[in-house]
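In what follows, a single structure is set out as structure tokens and then discussed.
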Number of protein chains: 4
Amino acid sequence: MHLRLDGRESEVKLQTEVRYYEEPELDNAVMVCGLPGIGSVAWLAVNHLQKELHAQLFAEVFSPMFSPKVWLAEDGVVGLMKGEFHYWKNKPRGPDLLLFTANEQPYSPEGQYELADVVLDLARKFAAGKVVTMGGMATDRLTEPPKVYAGATDVGLVKELEGFGAVKLAGGAITGTNGLIFGLAKLKKIPAVCLLAETPGYLSLDANAAKAALELFSHMLNVSVDLTALEKQAKENADAVQKAKDLSRGFPREARKGGDRELPYVS
Amino acid sequence: MHLRLDGRESEVKLQTEVRYYEEPELDNAVMVCGLPGIGSVAWLAVNHLQKELHAQLFAEVFSPMFSPKVWLAEDGVVGLMKGEFHYWKNKPRGPDLLLFTANEQPYSPEGQYELADVVLDLARKFAAGKVVTMGGMATDRLTEPPKVYAGATDVGLVKELEGFGAVKLAGGAITGTNGLIFGLAKLKKIPAVCLLAETPGYLSLDANAAKAALELFSHMLNVSVDLTALEKQAKENADAVQKAKDLSRGFPREARKGGDRELPYVS
Amino acid sequence: MHLRLDGRESEVKLQTEVRYYEEPELDNAVMVCGLPGIGSVAWLAVNHLQKELHAQLFAEVFSPMFSPKVWLAEDGVVGLMKGEFHYWKNKPRGPDLLLFTANEQPYSPEGQYELADVVLDLARKFAAGKVVTMGGMATDRLTEPPKVYAGATDVGLVKELEGFGAVKLAGGAITGTNGLIFGLAKLKKIPAVCLLAETPGYLSLDANAAKAALELFSHMLNVSVDLTALEKQAKENADAVQKAKDLSRGFPREARKGGDRELPYVS
Amino acid sequence: MHLRLDGRESEVKLQTEVRYYEEPELDNAVMVCGLPGIGSVAWLAVNHLQKELHAQLFAEVFSPMFSPKVWLAEDGVVGLMKGEFHYWKNKPRGPDLLLFTANEQPYSPEGQYELADVVLDLARKFAAGKVVTMGGMATDRLTEPPKVYAGATDVGLVKELEGFGAVKLAGGAITGTNGLIFGLAKLKKIPAVCLLAETPGYLSLDANAAKAALELFSHMLNVSVDLTALEKQAKENADAVQKAKDLSRGFPREARKGGDRELPYVS
């Protein structure tokens with residue numbers, strides 16, 4: 001129960017909880033974070049890694065910092081808003097990958113700080129040597145392939161990323177949990193990078209931007225990943241956009257696909 | 001007192017408190033939750049059970065997560081915003097019922113998570129084997145009787161409910177405390193179901209939807225309840241709605257009845 | 001300091017604090033609460049008691065639940081938002097009075113619950129046998145003298161107040177800290193009453209309503225208080241209102257007087 | 001990690017943290033606070049002291065009470081929102097200066113109270129004998145040089161400031177962290193003053209107002225500081241304003257300069 005106004009016994013209030021289903025042994029782990037955001041770039045990228053690499057779910061995070069709602073799967077089974085941690089063993093010697101993604105970002109600033117802290121705590125627990133966050137950079141002067149901007153926790157890492165073709169992210173600010181994971185990593189002395197791929201802003205799922213970010217990611221870590229599924233999704237998006245333009249119907253509506261996305265609300 | 005800026009003695013801040021008046025012995029308890037929501041379906045249903053079964057009040061929950069206001073009863077006596085727990089012994093062997101309802105849902109997301117947690121803690125304390133939450137599903141294509149949608153914490157329970165005539169709730173999201181009680185039950189490994197009865201959305205007290213939800217509930221638990229009072233209220237609503245339509249005065253105003261509802265504010 | 005991300009030493013966050021300057025011995029204490037609200041009825045009433053009875057300041061409450069601002073007195077000295085506790089010895093045997101008032105109500109619901117809890121803790125500490133809260137009841141059908149409505153924590157007290165000429169407050173709700181002090185007193189088993197004097201709603205300082213509330217209060221506790229200053233202020237208000245009406249300039253502007261009221265903001 | 005719903009091990013939530021890089025020995029320390037505000041007067045003044053005196057960074061404060069965002073420096077390296085503490089040894093015997101400034105004020109009232117408390121804790125830790133906060137007073141009747149208003153924690157200090165040419169700040173309120181540091185200092189029995197320099201309100205960086213405040217500050221503490229850089233910036237502002245007026249283009253746009261200011265948002 002909780003504290004009684006006239007007594008002393010107490011149990012603690014509902015708190016953020018990480019529930020472990022397994023505690024894998026990881027070598028030279030790198031954590032990759034993919035929360036929903038502009039163009040869902042990070043979420044698409046991490047979701048793609050999870051599927052392509054057949055990464056294994058090993059923990060989930062639940063929190064009163066997520067929206068106060070639950071969703072129903074197609075089979076009628078309920079699920080809470082949550083974050084998921086998957087791992088992939090990159091034999092024989094790593095770098096193994098720790099993948100983190102969630103249904104949504106916490107709605108409050110305090111919640112965003114808290115989730116970022118929980119995620120980094122887990123990274124530290126598994127001795128991750130690097131944290132990679134991603135996101136979208138909205139622009140109206142899109143190139144093909146999209147440019148990928150990069151920032152990091154130290155100058156050496158920035159230069160390394162520039163060596164792989166990233167454009168240095170000089171000036172500007174990054175809001176939200178992805179940014180906080182990136183910035184708090186510096187405070188906790190864990191090397192971290194942030195990759196922002198250009199995206200038009202009117203696509204809620206920009207597979208082409210996700211692909212660009214993952215290509216840089218692959219080079220950086222020397223981990224090869226088949227990007228075919230993303231390329232296919234990117235082409236479908238492009239065709240749909242072109243069709244809409246041809247029909248002079250203005251900006252294309254959002255194409256909502258995949259997984260745990262919510263449909264009409266019931267209450 | 002509270003913490004002093006320059007000292008160390010401390011007592012804790014005002015917290016959510018469950019105050020017990022009795023600690024009943026329950027067999028095979030099932031908790032039924034009825035917070036205010038669309039059409040007040042859950043609240044009406046649980047309120048009806050409470051009256052028909054002559055359920056006994058045994059605990060109340062007070063919380064700074066409820067609105068900062070108090071209400072006055074007809075006799076001038078003050079009451080705080082609160083939740084109430086009643087029980088009914090279903091002799092000889094159950095399932096006994098634990099009924100939970102409240103004046104309102106907490107106004108903040110954190111408060112909704114906290115109340116859901118408190119309610120489930122109490123369910124666990126009394127070894128409830130199942131939790132039932134209810135609610136309304138707003139629709140403009142209403143049938144008679146209203147359809148009842150159902151979701152659950154596992155597929156087996158969903159199928160069981162479909163067997164009783166419920167429509168599987170596939171996809172979608174449920175916001176608010178009713179949804180959180182349902183979802184957190186899964187996290188706490190307590191089987192739970194959610195019954196959402198169709199309601200037009202313009203009735204603040206839809207007795208017909210409450211009746212539909214209770215019929216399914218009765219079959220599910222094999223507990224028979226006289227629904228006459230709800231049928232009567234449903235008919236009165238229907239007559240009032242028809243009258244308003246006949247008079248071409250647009251949508252009927254809300255018919256506010258019953259219990260602890262607030263009247264004009266004074267401050 | 002506060003908790004370090006990588007360490008364990010900690011001191012607690014800034015909290016609500018009651019700072020005692022004296023710990024008076026009180027007999028049969030009655031606490032009277034006067035926070036700002038509609039017509040400032042409670043604040044005016046308690047402020048008047050404080051001046052007329054030459055009540056002695058013995059404690060102050062500071063809290064991060066008050067607005068994040070400070071005010072400057074005429075002599076340039078800074079003050080924080082705060083609550084004040086005064087006491088008056090009603091020799092030879094009481095009832096002694098504990099007077100509570102504050103610059104403002106906390107801005108958040110949680111803050112209102114917390115302040116109410118702090119105030120009642122202090123009432124309990126001094127073994128107060130009764131808590132009296134006051135407020136205004138906005139109406140457009142004002143009588144002279146204004147009616148005073150009353151609610152209480154039990155029926156007996158309500159009848160007692162009706163005996164003194166109060167109108168039973170049946171139904172309705174009271175929002176804010178005054179209401180919470182009243183309602184939480186019931187939870188903490190301290191008898192409490194709430195007196196709401198009718199006020200037009202366009203006066204920010206209704207001395208006439210405060211006078212009506214205090215007259216009832218005096219009878220209830222058998223404590224006689226000279227109300228001349230309030231009558232004088234009431235007359236001045238009435239003259240000003242009449243003048244404005246005569247000049248057909250619409251509703252009179254607020255006449256701001258006294259004490260710790262804030263003037264133009266600087267930041 | 002954090003508390004588990006079904007377990008007991010716990011580590012605490014992310015909290016405000018002061019990270020020390022050095023613990024200087026200070027004599028007769030005076031703390032000077034310069035958070036962003038109207039005209040950025042305080043921030044400019046403290047920033048100027050920091051540069052002119054070559055003050056040494058010795059601690060930083062990080063907090064979930066700051067905005068949930070991170071910024072990128074020109075070299076692509078990430079930084080969190082934070083506050084900085086610098087010190088300057090004023091040989092041979094002080095008063096040494098403790099300088100505090102931050103990227104921003106916390107966005108919530110609770111955060112503002114907390115940061116003010118953290119800052120004063122540090123002042124106390126270094127036995128600061130006085131705290132000076134500054135700010136802008138928006139006015140449309142500007143004089144040259146701008147008037148400086150002053151308030152303090154006691155009348156003696158107010159008179160002392162009037163002796164140096166300040167205008168007593170009588171009445172009014174000061175919102176935000178600067179005000180809270182000032183007011184909480186009184187509660188913690190640390191002498192404090194607040195200097196508010198007149199500023200037109202349409203300049204986001206009023207170097208002339210900062211200069212006026214610093215001149216008074218210098219006299220008060222008998223610490224001489226070269227104000228040339230501020231005078232230069234003031235003149236540039238004035239020229240720009242005049243130019244805009246000449247071109248009859250209405251109010252001049254904000255001239256954003258310096259340090260850690262954020263540029264376009266990316267997310």
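By order in the structure tokens, chains are A, B, ...; within a chain, residues start at 1; ligands start at 1, following the order shown.
When every C-alpha of chain A is superposed on its counterpart in chain B by least squares, the root-mean-square deviation equals 0.1 Å.
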**Request:** Give me the residues within 12 Å of Val167 (chain D) as an MDAnalysis selection string, counting only C-alpha atoms and dropping any in the same chain fewer than 5 places off.
**Result:** (chainID C and resid 75:76) or (chainID D and resid 137 146:152 158:162 194:198 213 216)
Go ahead and save the picked residues with C-alpha atoms, as an mmCIF file, in the first residue's frame.
data_model
loop_
_atom_site.group_PDB
_atom_site.id
_atom_site.type_symbol
_atom_site.label_atom_id
_atom_site.label_comp_id
_atom_site.auth_asym_id
_atom_site.auth_seq_id
_atom_site.Cartn_x
_atom_site.Cartn_y
_atom_site.Cartn_z
ATOM 1 C CA ASP C 75 11.367 49.844 2.822
ATOM 2 C CA GLY C 76 12.976 47.807 0.052
ATOM 3 C CA MET D 137 13.429 46.495 -14.903
ATOM 4 C CA PRO D 146 19.859 53.843 -16.678
ATOM 5 C CA LYS D 147 18.614 53.997 -13.095
ATOM 6 C CA VAL D 148 19.450 51.008 -10.910
ATOM 7 C CA TYR D 149 16.844 49.900 -8.389
ATOM 8 C CA ALA D 150 17.873 47.937 -5.329
ATOM 9 C CA GLY D 151 16.254 45.756 -2.718
ATOM 10 C CA ALA D 152 17.907 43.776 0.069
ATOM 11 C CA VAL D 158 19.045 48.989 1.381
ATOM 12 C CA LYS D 159 20.317 52.278 2.794
ATOM 13 C CA GLU D 160 23.875 51.326 1.907
ATOM 14 C CA LEU D 161 22.822 50.759 -1.712
ATOM 15 C CA GLU D 162 20.935 54.047 -1.772
ATOM 16 C CA CYS D 194 19.045 42.566 -5.853
ATOM 17 C CA LEU D 195 20.028 45.184 -8.432
ATOM 18 C CA LEU D 196 17.575 45.869 -11.237
ATOM 19 C CA ALA D 197 18.775 48.137 -14.021
ATOM 20 C CA GLU D 198 16.284 49.922 -16.220
ATOM 21 C CA ALA D 213 24.360 47.429 -12.631
ATOM 22 C CA LEU D 216 26.926 50.047 -8.655
#
**Selected residue, from D:Gly176, D:Pro95, D:Gly201, D:Pro36, that lies nearest to chain C when counting only C-alpha atoms** =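 The shortest atom-to-atom distance to chain C comes from D:Gly176.
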**Prompt:** So which residues of region 69-209 of chain B fall under strand (DSSP E) by DSSP, listed as a PyMOL selection string?
**Reply:** chain B and resi 69-72+78-80+83-88+97-102+130-138+148-152+167-168+173-175+192-199
**Spatial neighbours of region 234-248 of chain B, max dist 7 Å, only C-alpha atoms, sep filter under 4 positions, as a ChimeraX atom specification** = /B:206-208,230,252
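For Gly111 (chain A), the residues within 9 Å (counting only C-alpha atoms, excluding itself and residues fewer than 6 positions away along the chain) are Ser63, Pro64, Met65, Phe66, Gln105 and Thr177 of chain A; Pro64 of chain D.
Excluding Leu72 (chain A) itself and any same-chain residue fewer than 3 positions from it, the protein and nucleic acid residues within 8 Å of it, counting only C-alpha atoms, are Asp75, Gly76, Val77, Val78 and Gly79 of chain A; Gly151, Leu169, Ala170, Gly171, Gly172 and Ala173 of chain B.
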So that I have them on file, write out the residues from the current selection with N, CA and C atoms, as a short mmCIF file (atom, residue, chain, number, x, y, z; two decimals), in the first residue's frame.
data_model
loop_
_atom_site.label_atom_id
_atom_site.label_comp_id
_atom_site.auth_asym_id
_atom_site.auth_seq_id
_atom_site.Cartn_x
_atom_site.Cartn_y
_atom_site.Cartn_z
N ASP A 75 -5.02 -9.60 -31.55
CA ASP A 75 -5.67 -10.75 -30.92
C ASP A 75 -6.45 -10.38 -29.66
N GLY A 76 -6.58 -9.06 -29.43
CA GLY A 76 -7.37 -8.62 -28.29
C GLY A 76 -6.61 -8.60 -26.97
N VAL A 77 -5.30 -8.86 -27.03
CA VAL A 77 -4.52 -8.87 -25.79
C VAL A 77 -3.95 -7.48 -25.52
N VAL A 78 -4.01 -7.09 -24.25
CA VAL A 78 -3.61 -5.73 -23.86
C VAL A 78 -2.10 -5.60 -23.69
N GLY A 79 -1.61 -4.41 -23.95
CA GLY A 79 -0.19 -4.12 -23.72
C GLY A 79 -0.06 -2.72 -23.15
N GLY B 151 -11.38 -7.03 -24.39
CA GLY B 151 -9.94 -7.31 -24.49
C GLY B 151 -9.56 -8.00 -23.21
N LEU B 169 -11.74 -6.95 -29.10
CA LEU B 169 -11.26 -5.57 -29.25
C LEU B 169 -9.87 -5.64 -29.86
N ALA B 170 -9.83 -5.55 -31.18
CA ALA B 170 -8.56 -5.72 -31.88
C ALA B 170 -8.04 -4.39 -32.36
N GLY B 171 -6.88 -4.00 -31.86
CA GLY B 171 -6.32 -2.70 -32.23
C GLY B 171 -6.95 -1.61 -31.37
N GLY B 172 -6.44 -0.43 -31.47
CA GLY B 172 -7.00 0.67 -30.69
C GLY B 172 -6.29 0.85 -29.36
N ALA B 173 -6.66 1.89 -28.65
CA ALA B 173 -6.05 2.18 -27.37
C ALA B 173 -7.12 2.61 -26.38
#
**Prompt:** Where does DSSP see alpha helix (DSSP H) in region 34-260 of chain A, if you list the residues as JSON, numbers by chain?
**Reply:** {"A": [41, 42, 43, 44, 45, 46, 47, 48, 49, 50, 51, 52, 109, 110, 111, 112, 113, 114, 115, 116, 117, 118, 119, 120, 121, 122, 123, 124, 125, 155, 156, 157, 158, 159, 160, 161, 162, 163, 177, 178, 179, 180, 181, 182, 183, 184, 185, 186, 187, 207, 208, 209, 210, 211, 212, 213, 214, 215, 216, 217, 218, 219, 220, 221, 228, 229, 230, 231, 232, 233, 234, 235, 236, 237, 238, 239, 240, 241, 242, 243, 244, 245, 246]}
**Message:** Which residue is closest to Gly83 (chain C)? Choose from C:Asp96, C:Glu60, C:Glu114, C:Glu17 and count only C-alpha atoms.
**Reply:**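 Nearest to Gly83 (chain C): C:Glu60.
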